[in-house]
Amino acid sequence: MSTSTRLVASFEYLDDCVNAIGELRKAGFSPRKDLAAYASYPEHHIEDAMGYGQSPVRVFTLVGGLTGTATGFALPTFASLDWPLITGGKPVLSMPAYVIPAFELTILFGALSTVVGLFILSRLPQTGPRVVYDPEFTSGRYGVQVDATGARLEEARTILQKHQPADLREGPNA
Amino acid sequence: MSNTTLTEAQRRGALTHPDLPQHSQVNRDILKVLSRPGGGWWALFGLAIVGVGIFLASWGWQIYRGIGVSGLTSPVGWGAYITTFVFWVGIAHSGTLISAILFLFRAPWRQSVYRLAEAMTVFAVMTAGLFPLIHVGRVWHAYWLIPYPNQRYLWPNFRSPLVWDVFAVTTYFTVSAVFFYLGTIPDLAAARDQATGIRKKFYSFVSLGWKGSDREWHHFGKAYIFLAALATPLVLSVHSVVSWDFAMGIVPGWHATIFAPYFVAGAIFSGVAMVITLAVPLRKVFGLEAYFTTKHFDALSKLVLLTSLIVLYAYLTEFFMAWYSGEPPERQMFWNRLFGDYWWATWTMLVCNGFVPIMLWFKRIRHSIPALFVISIFINIGMWFERYVIIVTSLSHEYEPFAWGMYRPSIIEMGILVGSFGWFSFWFLLFTRLLPPVAIAELKEVIPPAMRGKSKEVEA
C-alpha cells in the first residue's frame with residue numbers, strides 16, 4: 001500500500017467530478033479501494049457514482065438501543081429488589097414506572113452507539129497530517145482521489161486531466 | 001456554468017437563497033463571523049459576564065447561608081427555581097424540534113436557523129440543569145440523585161417522577177450535545193481549512209480530521225438520520241416527564257392528564273419564540289440578512305402561532321374541566337388563579353401567551369422583524385409566568401384553608417433568575433464566535449451545485 005502514489009484532482013463543477021468517477025470506475029478502479037471523493041456537503045450524485053449501499057451504522061443504532069432498553073428495565077428492577085420500598089401493599093416492582101428510565105436509556109445508548117458506529121465506519125477521528133488534500137474541498141470544490149502505481153497511475157492521470165480539474169495534486173500514499 | 005439546475009431539496013420546495021449563487025460564498029459569509037468581534041459583541045459579552053457574576057454571587061450566598069435565603073417555605077416549597085428550571089427546559093425544546101423533527105419532515109426552511117436553535121437547546125439545558133442543584137439547597141449532596149451502588153445500600157425511588165426527570169434531562173443534554181457537535185464537524189473542518197495560527201490548531205482538533213470524503217458523508221448522513229429519529233421521541237418525552245413532576249401529584253391544578261401535551265406545546269411555543277429573540281440581533285450584528293430572510297421568520301412565526309393556539313386551548317380546557325369536574329378544590333383553584341392573590345401573574349400569562357400571538361395572523365406582522373422581536377419577548381415573559389402560575393398558585397392554595405400561604409421570591413432568587421440569562425448568554429455569545437452559527441454544509445444542499453453542462457441532472 002505504502003508504495004502507491006496518490007492523485008487528488010479538484011473540480012469546480014459537480015458534473016465533471018461525477019463523470020470522472022464514472023470513467024475511472026469503467027477503467028477498473030475499485031471505488032472503495034482505489035478511489036475516494038470529496039465534497040463540502042452531502043452530495044447524492046457522488047454517493048451514487050461511488051456505488052454505496054446501505055450504511056451499517058443502523059446496526060450500531062439497533063444494538064445500542066436494545067441494550068439501553070434492557071439496562072433501563074434491569075437497573076430499576078435490581079435497585080428495587082435490593083432496597084424494597086413497599087407502599088400500599090403493592091408489588092415491589094412497578095413496571096409501568098420503569099418504562100420511563102427504559103425509554104430514556106434506549107435513546108441515550110442508541111444515540112451514543114450510533115456516534116461510535118459512525119466514528120468506527122468513517123475512520124474518525126484522524127489525527128495524522130493530511131498528505132494530499134485541497135482546503136477548497138470544504139468550501140466549494142469537488143475532489144476525486146486515486147491511489148495507483150506505474151501504468152495505472154498514468155491512466156488515472158489521463159482520465160482526471162480530461163475532465164479539466166482546477167487543480168491536480170500528487171503525493172505519496174501514506 | 002448554469003444556476004438553473006435544481007437540487008433535490010429545491011424540487012421539494014426548499015427556500016432558495018437568491019443572493020447566494022455559489023457554495024464558496026456561504027463559507028466566506030459565515031466564517032467571516034468567526035473572525036470579527038465587533039464592539040457590539042464585546043458589549044453583550046461584558047453584560048453576560050456581569051450576569052454570570054450575579055448568578056455566582058447569589059448562588060454562593062445561598063450555599064453559604066443555606067436555602068433559607070430563598071423565599072421557599074411552607075406551603076410553597078417549589079418556587080422561582082423550579083419555575084425557571086421548567087422555563088429553560090422548555091426553551092431547549094424548539095432546538096431539537098427544528099433540528100430533528102423538521103429534518104425528518106424535510107421542512108424546507110430549517111437549514112438557516114437550525115444551528116442557532118440547536119446551540120440554544122444545548123445551552124438552555126445546561127442552564128436548566130443547574131436549577132435542580134440550586135433548588136435542593138445542599139448542592140454537595142446532589143449526586144445522590146444518580147442511581148449508583150453506595151455503602152449506604154440506598155437506591156433512588158424509581159416510581160418518583162423526580163428520578164425520571166434525572167434520566168430524561170441528562171439523556172436530553174447528552175443527546176442534544178452530541179447531535180449538535182456532530183452536525184458542526186463538517187463546518188468546523190471548513191473553518192479549519194481557512195484559519196491560520198492558533199485558530200487552525202483549535203479547529204483541527206475539534207473537527208477530528210474531517211475531510212469531506214465520500215465515506216465520511218455516507219455514514220454521516222445515515223447516522224444523522226438515526227440521531228434525528230432518536231431525538232424526536234426524546235424531545236416529546238422530556239417535557240412530558242417534566243410535566244409529570246406536577247401531574248403525578250394530587251395538588252389541585254396539577255393532577256391532570258392534559259399536562260404532557262400541554263407542556264410540550266408550551267415548550268415548543270416558548271422555544272421558537274426564543275429562536276426569534278436570538279436570531280433577530282444575530283442577523284443584524286453579523287450581517288446575515290441573506291441567510292435569515294423574512295420567509296424564515298414567517299415560517300417560525302407560523303409555528304409560534306400554531307403552538308400558541310394549542311396552549312390557549314389547554315388553558316381553556318383546564319378552566320372548563322375545573323368547572324365541569326364539580327370538585328370544590330379544583331374550582332376554587334382556578335377561580336383563585338384568575339381573581340386571587342396571583343391574578344396579575346395569571347393575566348400576564350393569558351395576555352402574553354394567548355392574546356399577543358393573535359397578531360401573528362396578520363402577514364404584515366409576520367413580515368415585520370421588529371414586531372416579531374417584540375412579540376417574542378412578550379412570549380418569553382408569558383411562558384415564565386405560566387410556570388410560575390402553575391407551580392406557585394397551586395401550592396399556595398391547596399386543600400386545607402389553614403395551610404394556605406403566600407410566596408414571594410427573595411432577592412437571591414431574583415438574582416439567580418436574572419443571572420441565569422447571563423450564564424446562557426455567556427455560552428451563546430461564545431458559540432457565535434467559535435462555531436459557525438449557520439450550518440454551512442446543510443445550506444449548500446439547497447443551493448444549486450456548480451455545473452459545467454446545462455443538463456438538469458448529472459449523468460452518472
# chains A, B, ... in the order shown; residues from 1 in each chain; ligands from 1
>>> interface_residues(of="chain A", to="chain B", cutoff="6 Å", atoms="only C-alpha atoms", output="MDAnalysis selection string")
chainID A and resid 13:15 37:42 49 55 79 97 104 107:108 111 118 122 125:126 135 138:140
>>> write_last_selection(atoms="N, CA and C atoms", output="PDB file, in the first residue's frame")
ATOM      1  N   TYR A  13     -16.717  21.979 -10.917  1.00  0.00           N
ATOM      2  CA  TYR A  13     -18.083  21.625 -11.304  1.00  0.00           C
ATOM      3  C   TYR A  13     -18.402  20.205 -10.877  1.00  0.00           C
ATOM      4  N   LEU A  14     -19.622  20.049 -10.385  1.00  0.00           N
ATOM      5  CA  LEU A  14     -20.062  18.747  -9.902  1.00  0.00           C
ATOM      6  C   LEU A  14     -20.103  17.706 -11.013  1.00  0.00           C
ATOM      7  N   ASP A  15     -20.612  18.094 -12.197  1.00  0.00           N
ATOM      8  CA  ASP A  15     -20.748  17.080 -13.261  1.00  0.00           C
ATOM      9  C   ASP A  15     -19.385  16.566 -13.714  1.00  0.00           C
ATOM     10  N   ALA A  37     -13.782  10.322  -2.923  1.00  0.00           N
ATOM     11  CA  ALA A  37     -14.297  11.578  -3.475  1.00  0.00           C
ATOM     12  C   ALA A  37     -14.482  12.556  -2.331  1.00  0.00           C
ATOM     13  N   TYR A  38     -14.417  13.839  -2.646  1.00  0.00           N
ATOM     14  CA  TYR A  38     -14.579  14.865  -1.615  1.00  0.00           C
ATOM     15  C   TYR A  38     -15.666  15.841  -2.043  1.00  0.00           C
ATOM     16  N   ALA A  39     -16.407  16.324  -1.051  1.00  0.00           N
ATOM     17  CA  ALA A  39     -17.398  17.369  -1.305  1.00  0.00           C
ATOM     18  C   ALA A  39     -17.589  18.141  -0.020  1.00  0.00           C
ATOM     19  N   SER A  40     -18.107  19.369  -0.132  1.00  0.00           N
ATOM     20  CA  SER A  40     -18.266  20.196   1.057  1.00  0.00           C
ATOM     21  C   SER A  40     -19.626  19.995   1.709  1.00  0.00           C
ATOM     22  N   TYR A  41     -20.449  19.164   1.121  1.00  0.00           N
ATOM     23  CA  TYR A  41     -21.783  18.888   1.668  1.00  0.00           C
ATOM     24  C   TYR A  41     -22.173  17.505   1.172  1.00  0.00           C
ATOM     25  N   PRO A  42     -23.179  16.864   1.782  1.00  0.00           N
ATOM     26  CA  PRO A  42     -23.552  15.519   1.317  1.00  0.00           C
ATOM     27  C   PRO A  42     -24.138  15.591  -0.083  1.00  0.00           C
ATOM     28  N   ALA A  49     -22.437   7.741  -7.597  1.00  0.00           N
ATOM     29  CA  ALA A  49     -21.339   7.407  -8.501  1.00  0.00           C
ATOM     30  C   ALA A  49     -20.368   6.441  -7.830  1.00  0.00           C
ATOM     31  N   SER A  55     -25.802   1.892   4.759  1.00  0.00           N
ATOM     32  CA  SER A  55     -24.710   2.053   5.730  1.00  0.00           C
ATOM     33  C   SER A  55     -24.936   1.172   6.950  1.00  0.00           C
ATOM     34  N   ALA A  79     -32.454  -2.436  41.563  1.00  0.00           N
ATOM     35  CA  ALA A  79     -32.425  -1.487  42.674  1.00  0.00           C
ATOM     36  C   ALA A  79     -33.616  -1.690  43.595  1.00  0.00           C
ATOM     37  N   ALA A  97     -43.766   2.241  35.820  1.00  0.00           N
ATOM     38  CA  ALA A  97     -42.878   3.360  36.146  1.00  0.00           C
ATOM     39  C   ALA A  97     -41.505   3.172  35.517  1.00  0.00           C
ATOM     40  N   GLU A 104     -35.753   6.297  28.205  1.00  0.00           N
ATOM     41  CA  GLU A 104     -34.684   7.294  28.117  1.00  0.00           C
ATOM     42  C   GLU A 104     -33.342   6.629  27.825  1.00  0.00           C
ATOM     43  N   ILE A 107     -32.900   5.665  24.174  1.00  0.00           N
ATOM     44  CA  ILE A 107     -32.485   6.793  23.343  1.00  0.00           C
ATOM     45  C   ILE A 107     -31.001   7.093  23.584  1.00  0.00           C
ATOM     46  N   LEU A 108     -30.630   7.120  24.869  1.00  0.00           N
ATOM     47  CA  LEU A 108     -29.252   7.513  25.211  1.00  0.00           C
ATOM     48  C   LEU A 108     -28.247   6.537  24.610  1.00  0.00           C
ATOM     49  N   ALA A 111     -28.264   6.557  20.754  1.00  0.00           N
ATOM     50  CA  ALA A 111     -27.596   7.724  20.155  1.00  0.00           C
ATOM     51  C   ALA A 111     -26.086   7.595  20.294  1.00  0.00           C
ATOM     52  N   LEU A 118     -20.526   5.531  13.750  1.00  0.00           N
ATOM     53  CA  LEU A 118     -20.105   6.486  12.723  1.00  0.00           C
ATOM     54  C   LEU A 118     -18.593   6.680  12.753  1.00  0.00           C
ATOM     55  N   SER A 122     -16.371   5.571   9.588  1.00  0.00           N
ATOM     56  CA  SER A 122     -15.784   6.599   8.739  1.00  0.00           C
ATOM     57  C   SER A 122     -14.364   6.932   9.168  1.00  0.00           C
ATOM     58  N   PRO A 125     -11.778   9.787  14.861  1.00  0.00           N
ATOM     59  CA  PRO A 125     -11.031  10.946  14.405  1.00  0.00           C
ATOM     60  C   PRO A 125      -9.693  10.555  13.782  1.00  0.00           C
ATOM     61  N   GLN A 126      -9.280  11.360  12.802  1.00  0.00           N
ATOM     62  CA  GLN A 126      -7.992  11.132  12.154  1.00  0.00           C
ATOM     63  C   GLN A 126      -7.035  12.195  12.642  1.00  0.00           C
ATOM     64  N   PRO A 135      -7.671  22.388   0.534  1.00  0.00           N
ATOM     65  CA  PRO A 135      -8.544  23.032   1.527  1.00  0.00           C
ATOM     66  C   PRO A 135      -9.840  23.563   0.931  1.00  0.00           C
ATOM     67  N   THR A 138     -13.699  21.818   1.519  1.00  0.00           N
ATOM     68  CA  THR A 138     -14.748  22.175   2.476  1.00  0.00           C
ATOM     69  C   THR A 138     -15.425  23.480   2.085  1.00  0.00           C
ATOM     70  N   SER A 139     -14.973  24.085   0.999  1.00  0.00           N
ATOM     71  CA  SER A 139     -15.571  25.359   0.601  1.00  0.00           C
ATOM     72  C   SER A 139     -16.535  25.178  -0.565  1.00  0.00           C
ATOM     73  N   GLY A 140     -16.017  24.734  -1.719  1.00  0.00           N
ATOM     74  CA  GLY A 140     -16.935  24.584  -2.837  1.00  0.00           C
ATOM     75  C   GLY A 140     -16.498  23.561  -3.860  1.00  0.00           C
TER      76      GLY A 140
END
>>> residues_around(residues="Cys17 of chain A", least_positions_apart="4", cutoff="7 Å", atoms="only C-alpha atoms", output="ChimeraX atom specification")
/A:11,13,21,142-144
>>> write_last_selection(atoms="C-alpha atoms", output="PDB file, in the first residue's frame")
ATOM      1  CA  PHE A  11     -13.088  20.176  -9.729  1.00  0.00           C
ATOM      2  CA  TYR A  13     -18.083  21.625 -11.304  1.00  0.00           C
ATOM      3  CA  ILE A  21     -15.559   8.981 -11.079  1.00  0.00           C
ATOM      4  CA  TYR A 142     -15.373  18.589  -5.525  1.00  0.00           C
ATOM      5  CA  GLY A 143     -12.498  16.162  -5.362  1.00  0.00           C
ATOM      6  CA  VAL A 144     -11.516  12.790  -6.744  1.00  0.00           C
TER       7      VAL A 144
END
>>> select_by_dssp(residues="segment 98-303 of chain B", states="helix (DSSP H, G or I)", output="PyMOL selection string")
chain B and resi 98-104+110-135+139-145+161-194+197-206+214-247+259-285+294-303
>>> write_last_selection(atoms="C-alpha atoms", output="compact mmCIF listing (two decimals), in the first residue's frame")
# COMPACT_ATOMS: atom_id res chain seq x y z
CA ILE B 98 -36.21 22.33 14.37
CA SER B 99 -33.11 20.20 14.03
CA ALA B 100 -34.63 16.73 14.35
CA ILE B 101 -38.38 16.75 13.76
CA LEU B 102 -38.36 19.28 10.93
CA PHE B 103 -35.36 17.42 9.48
CA LEU B 104 -37.34 14.19 9.31
CA ARG B 110 -34.91 24.85 8.63
CA GLN B 111 -31.36 24.96 7.18
CA SER B 112 -30.70 28.60 8.09
CA VAL B 113 -31.96 28.55 11.64
CA TYR B 114 -31.27 25.08 12.92
CA ARG B 115 -27.67 25.53 14.07
CA LEU B 116 -28.73 28.53 16.11
CA ALA B 117 -31.71 26.65 17.55
CA GLU B 118 -29.59 23.62 18.38
CA ALA B 119 -26.97 25.71 20.17
CA MET B 120 -29.77 27.36 22.08
CA THR B 121 -31.01 23.91 23.10
CA VAL B 122 -27.67 22.78 24.45
CA PHE B 123 -27.06 25.96 26.44
CA ALA B 124 -30.64 26.11 27.70
CA VAL B 125 -30.38 22.55 29.04
CA MET B 126 -27.04 23.48 30.60
CA THR B 127 -28.80 26.36 32.34
CA ALA B 128 -31.85 24.33 33.30
CA GLY B 129 -29.72 21.52 34.71
CA LEU B 130 -28.28 23.86 37.33
CA PHE B 131 -31.67 24.67 38.81
CA PRO B 132 -32.42 21.34 40.47
CA LEU B 133 -28.95 21.64 42.03
CA ILE B 134 -29.71 25.16 43.21
CA HIS B 135 -33.15 24.11 44.41
CA VAL B 139 -25.70 21.06 46.44
CA TRP B 140 -22.82 18.89 47.65
CA HIS B 141 -25.33 16.06 48.01
CA ALA B 142 -26.74 16.48 44.51
CA TYR B 143 -25.06 13.32 43.24
CA TRP B 144 -27.47 11.32 45.42
CA LEU B 145 -29.96 11.79 42.59
CA PRO B 161 -41.14 11.46 38.62
CA LEU B 162 -38.17 13.32 40.06
CA VAL B 163 -35.97 10.30 39.33
CA TRP B 164 -37.49 10.05 35.83
CA ASP B 165 -36.52 13.68 35.43
CA VAL B 166 -32.89 12.86 36.20
CA PHE B 167 -32.93 10.27 33.41
CA ALA B 168 -34.84 12.48 30.98
CA VAL B 169 -32.82 15.66 31.46
CA THR B 170 -29.38 14.00 31.49
CA THR B 171 -30.30 11.99 28.38
CA TYR B 172 -31.61 15.12 26.72
CA PHE B 173 -28.48 17.07 27.49
CA THR B 174 -26.18 14.28 26.30
CA VAL B 175 -28.07 13.51 23.11
CA SER B 176 -28.65 17.13 22.12
CA ALA B 177 -25.00 18.00 22.79
CA VAL B 178 -23.82 15.02 20.71
CA PHE B 179 -26.27 15.83 17.91
CA PHE B 180 -25.16 19.45 17.95
CA TYR B 181 -21.46 18.62 17.91
CA LEU B 182 -21.80 16.01 15.20
CA GLY B 183 -23.65 18.44 12.96
CA THR B 184 -20.91 21.06 13.37
CA ILE B 185 -17.97 18.77 12.50
CA PRO B 186 -18.09 19.43 8.71
CA ASP B 187 -18.40 23.16 9.37
CA LEU B 188 -15.54 23.10 11.85
CA ALA B 189 -13.46 21.47 9.12
CA ALA B 190 -14.46 24.33 6.83
CA ALA B 191 -13.30 26.78 9.49
CA ARG B 192 -10.05 24.83 9.85
CA ASP B 193 -9.29 24.99 6.15
CA GLN B 194 -9.29 28.76 6.05
CA GLY B 197 -2.18 30.08 13.56
CA ILE B 198 -3.74 29.08 16.87
CA ARG B 199 -7.25 29.11 15.43
CA LYS B 200 -6.15 26.50 12.89
CA LYS B 201 -4.86 24.30 15.71
CA PHE B 202 -8.15 24.67 17.58
CA TYR B 203 -10.35 23.87 14.57
CA SER B 204 -8.05 21.00 13.51
CA PHE B 205 -8.52 19.48 16.94
CA VAL B 206 -12.30 19.90 17.17
CA ASP B 214 -17.38 10.09 0.32
CA ARG B 215 -17.01 7.52 3.09
CA GLU B 216 -17.43 10.16 5.79
CA TRP B 217 -20.51 11.72 4.18
CA HIS B 218 -22.11 8.36 3.50
CA HIS B 219 -22.03 7.18 7.12
CA PHE B 220 -22.58 10.69 8.46
CA GLY B 221 -25.82 11.04 6.53
CA LYS B 222 -27.20 7.79 7.90
CA ALA B 223 -26.02 8.44 11.45
CA TYR B 224 -27.63 11.86 11.31
CA ILE B 225 -30.98 10.42 10.28
CA PHE B 226 -30.86 7.88 13.11
CA LEU B 227 -29.93 10.54 15.64
CA ALA B 228 -32.82 12.67 14.41
CA ALA B 229 -35.15 9.70 14.68
CA LEU B 230 -33.99 9.07 18.25
CA ALA B 231 -34.13 12.74 19.24
CA THR B 232 -37.72 13.12 18.02
CA PRO B 233 -39.40 10.90 20.63
CA LEU B 234 -36.85 12.15 23.16
CA VAL B 235 -37.90 15.77 22.82
CA LEU B 236 -41.54 14.83 23.30
CA SER B 237 -40.69 12.64 26.28
CA VAL B 238 -38.55 15.14 28.15
CA HIS B 239 -41.17 17.79 28.66
CA SER B 240 -43.79 15.13 29.28
CA VAL B 241 -41.63 13.83 32.12
CA VAL B 242 -41.16 17.38 33.41
CA SER B 243 -44.94 17.84 33.36
CA TRP B 244 -45.36 14.62 35.35
CA ASP B 245 -43.33 16.20 38.14
CA PHE B 246 -46.58 18.08 38.66
CA ALA B 247 -49.25 15.85 37.18
CA PHE B 259 -50.32 18.10 31.27
CA ALA B 260 -47.90 16.26 28.98
CA PRO B 261 -49.18 17.58 25.63
CA TYR B 262 -49.90 20.95 27.21
CA PHE B 263 -46.30 21.25 28.43
CA VAL B 264 -44.78 20.00 25.18
CA ALA B 265 -46.77 22.54 23.14
CA GLY B 266 -45.84 25.28 25.60
CA ALA B 267 -42.18 24.29 25.41
CA ILE B 268 -42.11 24.49 21.63
CA PHE B 269 -44.03 27.76 21.77
CA SER B 270 -41.52 29.38 24.12
CA GLY B 271 -38.54 27.83 22.36
CA VAL B 272 -39.47 29.06 18.89
CA ALA B 273 -40.13 32.50 20.36
CA MET B 274 -36.64 32.39 21.87
CA VAL B 275 -35.17 31.43 18.48
CA ILE B 276 -36.75 34.61 17.07
CA THR B 277 -35.43 36.63 20.01
CA LEU B 278 -31.90 35.37 19.32
CA ALA B 279 -31.99 35.35 15.51
CA VAL B 280 -33.04 38.99 15.14
CA PRO B 281 -29.95 40.53 16.78
CA LEU B 282 -27.67 37.82 15.37
CA ARG B 283 -28.58 38.57 11.74
CA LYS B 284 -28.17 42.27 12.37
CA VAL B 285 -24.85 42.11 14.23
CA THR B 294 -38.47 37.23 6.10
CA LYS B 295 -39.53 33.84 4.73
CA HIS B 296 -37.68 32.14 7.58
CA PHE B 297 -39.19 34.44 10.15
CA ASP B 298 -42.59 33.92 8.56
CA ALA B 299 -42.23 30.15 8.96
CA LEU B 300 -41.05 30.50 12.56
CA SER B 301 -43.92 32.81 13.45
CA LYS B 302 -46.46 30.41 11.96
CA LEU B 303 -45.05 27.77 14.28
>>> residues_around(residues="Phe385 of chain B", least_positions_apart="3", cutoff="12 Å", atoms="only C-alpha atoms", output="MDAnalysis selection string")
chainID B and resid 79:80 82:84 86:87 266 270 337 342:353 378:382 388:393
>>> write_last_selection(atoms="N, CA and C atoms", output="mmCIF file, in the first residue's frame")
data_model
loop_
_atom_site.group_PDB
_atom_site.id
_atom_site.type_symbol
_atom_site.label_atom_id
_atom_site.label_comp_id
_atom_site.auth_asym_id
_atom_site.auth_seq_id
_atom_site.Cartn_x
_atom_site.Cartn_y
_atom_site.Cartn_z
ATOM 1 N N GLY B 79 -40.688 27.095 44.048
ATOM 2 C CA GLY B 79 -40.969 28.474 43.670
ATOM 3 C C GLY B 79 -40.258 28.876 42.405
ATOM 4 N N ALA B 80 -39.519 29.966 42.490
ATOM 5 C CA ALA B 80 -38.886 30.535 41.301
ATOM 6 C C ALA B 80 -37.847 29.590 40.699
ATOM 7 N N ILE B 82 -37.822 26.206 40.496
ATOM 8 C CA ILE B 82 -38.439 25.179 39.647
ATOM 9 C C ILE B 82 -39.109 25.842 38.454
ATOM 10 N N THR B 83 -39.702 27.024 38.669
ATOM 11 C CA THR B 83 -40.278 27.788 37.547
ATOM 12 C C THR B 83 -39.218 28.021 36.476
ATOM 13 N N THR B 84 -38.062 28.471 36.919
ATOM 14 C CA THR B 84 -37.007 28.802 35.962
ATOM 15 C C THR B 84 -36.432 27.536 35.336
ATOM 16 N N VAL B 86 -38.171 24.801 34.630
ATOM 17 C CA VAL B 86 -39.112 24.395 33.578
ATOM 18 C C VAL B 86 -39.018 25.367 32.408
ATOM 19 N N PHE B 87 -38.836 26.649 32.713
ATOM 20 C CA PHE B 87 -38.712 27.659 31.655
ATOM 21 C C PHE B 87 -37.555 27.314 30.722
ATOM 22 N N GLY B 266 -46.345 24.049 24.991
ATOM 23 C CA GLY B 266 -45.845 25.279 25.603
ATOM 24 C C GLY B 266 -44.344 25.410 25.441
ATOM 25 N N SER B 270 -42.516 28.473 23.533
ATOM 26 C CA SER B 270 -41.523 29.382 24.124
ATOM 27 C C SER B 270 -40.187 29.254 23.409
ATOM 28 N N ARG B 337 -56.822 31.447 40.694
ATOM 29 C CA ARG B 337 -55.794 31.865 39.727
ATOM 30 C C ARG B 337 -56.191 33.159 39.031
ATOM 31 N N TYR B 342 -52.743 35.935 43.105
ATOM 32 C CA TYR B 342 -51.776 35.930 41.998
ATOM 33 C C TYR B 342 -52.445 36.271 40.671
ATOM 34 N N TRP B 343 -53.541 37.048 40.727
ATOM 35 C CA TRP B 343 -54.264 37.378 39.489
ATOM 36 C C TRP B 343 -53.343 38.016 38.454
ATOM 37 N N TRP B 344 -52.396 38.836 38.906
ATOM 38 C CA TRP B 344 -51.527 39.560 37.969
ATOM 39 C C TRP B 344 -50.643 38.597 37.184
ATOM 40 N N ALA B 345 -50.193 37.530 37.846
ATOM 41 C CA ALA B 345 -49.357 36.544 37.131
ATOM 42 C C ALA B 345 -50.192 35.809 36.099
ATOM 43 N N THR B 346 -51.409 35.420 36.481
ATOM 44 C CA THR B 346 -52.269 34.675 35.564
ATOM 45 C C THR B 346 -52.642 35.523 34.356
ATOM 46 N N TRP B 347 -52.964 36.766 34.595
ATOM 47 C CA TRP B 347 -53.366 37.618 33.469
ATOM 48 C C TRP B 347 -52.169 37.957 32.581
ATOM 49 N N THR B 348 -50.987 38.092 33.177
ATOM 50 C CA THR B 348 -49.779 38.275 32.355
ATOM 51 C C THR B 348 -49.620 37.081 31.416
ATOM 52 N N MET B 349 -49.779 35.879 31.991
ATOM 53 C CA MET B 349 -49.656 34.651 31.203
ATOM 54 C C MET B 349 -50.687 34.621 30.081
ATOM 55 N N LEU B 350 -51.956 34.910 30.416
ATOM 56 C CA LEU B 350 -53.012 34.815 29.403
ATOM 57 C C LEU B 350 -52.809 35.843 28.296
ATOM 58 N N VAL B 351 -52.442 37.060 28.679
ATOM 59 C CA VAL B 351 -52.278 38.109 27.668
ATOM 60 C C VAL B 351 -51.070 37.804 26.784
ATOM 61 N N CYS B 352 -49.942 37.469 27.411
ATOM 62 C CA CYS B 352 -48.716 37.256 26.627
ATOM 63 C C CYS B 352 -48.802 36.016 25.749
ATOM 64 N N ASN B 353 -49.384 34.943 26.261
ATOM 65 C CA ASN B 353 -49.354 33.681 25.515
ATOM 66 C C ASN B 353 -50.595 33.454 24.683
ATOM 67 N N PHE B 378 -42.521 39.210 24.616
ATOM 68 C CA PHE B 378 -43.751 39.027 25.386
ATOM 69 C C PHE B 378 -43.973 37.544 25.691
ATOM 70 N N ILE B 379 -43.723 36.710 24.682
ATOM 71 C CA ILE B 379 -43.962 35.276 24.872
ATOM 72 C C ILE B 379 -42.973 34.708 25.890
ATOM 73 N N ASN B 380 -41.713 35.141 25.823
ATOM 74 C CA ASN B 380 -40.742 34.657 26.812
ATOM 75 C C ASN B 380 -41.196 34.992 28.223
ATOM 76 N N ILE B 381 -41.686 36.219 28.407
ATOM 77 C CA ILE B 381 -42.150 36.625 29.729
ATOM 78 C C ILE B 381 -43.387 35.810 30.113
ATOM 79 N N GLY B 382 -44.309 35.708 29.156
ATOM 80 C CA GLY B 382 -45.550 34.989 29.438
ATOM 81 C C GLY B 382 -45.312 33.539 29.804
ATOM 82 N N TYR B 388 -44.828 29.822 36.634
ATOM 83 C CA TYR B 388 -44.973 30.421 37.964
ATOM 84 C C TYR B 388 -46.402 30.224 38.464
ATOM 85 N N VAL B 389 -47.365 30.471 37.547
ATOM 86 C CA VAL B 389 -48.776 30.325 37.919
ATOM 87 C C VAL B 389 -49.067 28.874 38.293
ATOM 88 N N ILE B 390 -48.606 27.952 37.448
ATOM 89 C CA ILE B 390 -48.913 26.542 37.697
ATOM 90 C C ILE B 390 -48.334 26.123 39.049
ATOM 91 N N ILE B 391 -47.077 26.472 39.295
ATOM 92 C CA ILE B 391 -46.395 25.960 40.480
ATOM 93 C C ILE B 391 -46.870 26.695 41.726
ATOM 94 N N VAL B 392 -46.795 28.012 41.710
ATOM 95 C CA VAL B 392 -46.979 28.761 42.961
ATOM 96 C C VAL B 392 -48.449 28.843 43.366
ATOM 97 N N THR B 393 -49.358 29.146 42.404
ATOM 98 C CA THR B 393 -50.761 29.277 42.833
ATOM 99 C C THR B 393 -51.278 27.955 43.370
#
>>> closest_residue(among="A:Glu12, A:His163, A:Thr69, A:Trp83", to="Glu136 of chain A", atoms="only C-alpha atoms")
A:Glu12
>>> residues_around(residues="Gly150 of chain A", least_positions_apart="6", cutoff="12 Å", atoms="only C-alpha atoms", output="list in words")
Thr3, Ser4, Thr5, Arg6, Ala156 and Arg157 of chain A
>>> closest_residue(among="A:Val132, A:Ala166, A:Ile159, A:Leu121", to="Ala20 of chain A", atoms="only C-alpha atoms")
A:Ile159
>>> residues_around(residues="Thr61 of chain A", least_positions_apart="4", cutoff="6 Å", atoms="only C-alpha atoms", output="ChimeraX atom specification")
/A:65,110,113-114
>>> residues_around(residues="Lys33 of chain A", least_positions_apart="6", cutoff="12 Å", atoms="only C-alpha atoms", output="list in words")
Met1, Arg25, Met50, Gln145, Val146, Asp147 and Ala148 of chain A; Arg215 of chain B
>>> write_last_selection(atoms="C-alpha atoms", output="compact mmCIF listing (two decimals), in the first residue's frame")
# COMPACT_ATOMS: atom_id res chain seq x y z
CA MET A 1 0.00 0.00 0.00
CA ARG A 25 -14.72 3.04 -12.42
CA MET A 50 -19.28 5.69 -5.81
CA GLN A 145 -8.67 10.82 -5.25
CA VAL A 146 -6.93 7.86 -6.87
CA ASP A 147 -4.29 5.57 -5.38
CA ALA A 148 -2.30 3.75 -8.06
CA ARG B 215 -17.01 7.52 3.09
>>> select_by_dssp(residues="segment 53-153 of chain A", states="strand (DSSP E or B)", output="PyMOL selection string")
chain A and resi 142-148
>>> write_last_selection(atoms="C-alpha atoms", output="tab-separated table (two decimals), in the first residue's frame")
chain	number	residue	atom	x	y	z
A	142	TYR	CA	-15.37	18.59	-5.52
A	143	GLY	CA	-12.50	16.16	-5.36
A	144	VAL	CA	-11.52	12.79	-6.74
A	145	GLN	CA	-8.67	10.82	-5.25
A	146	VAL	CA	-6.93	7.86	-6.87
A	147	ASP	CA	-4.29	5.57	-5.38
A	148	ALA	CA	-2.30	3.75	-8.06
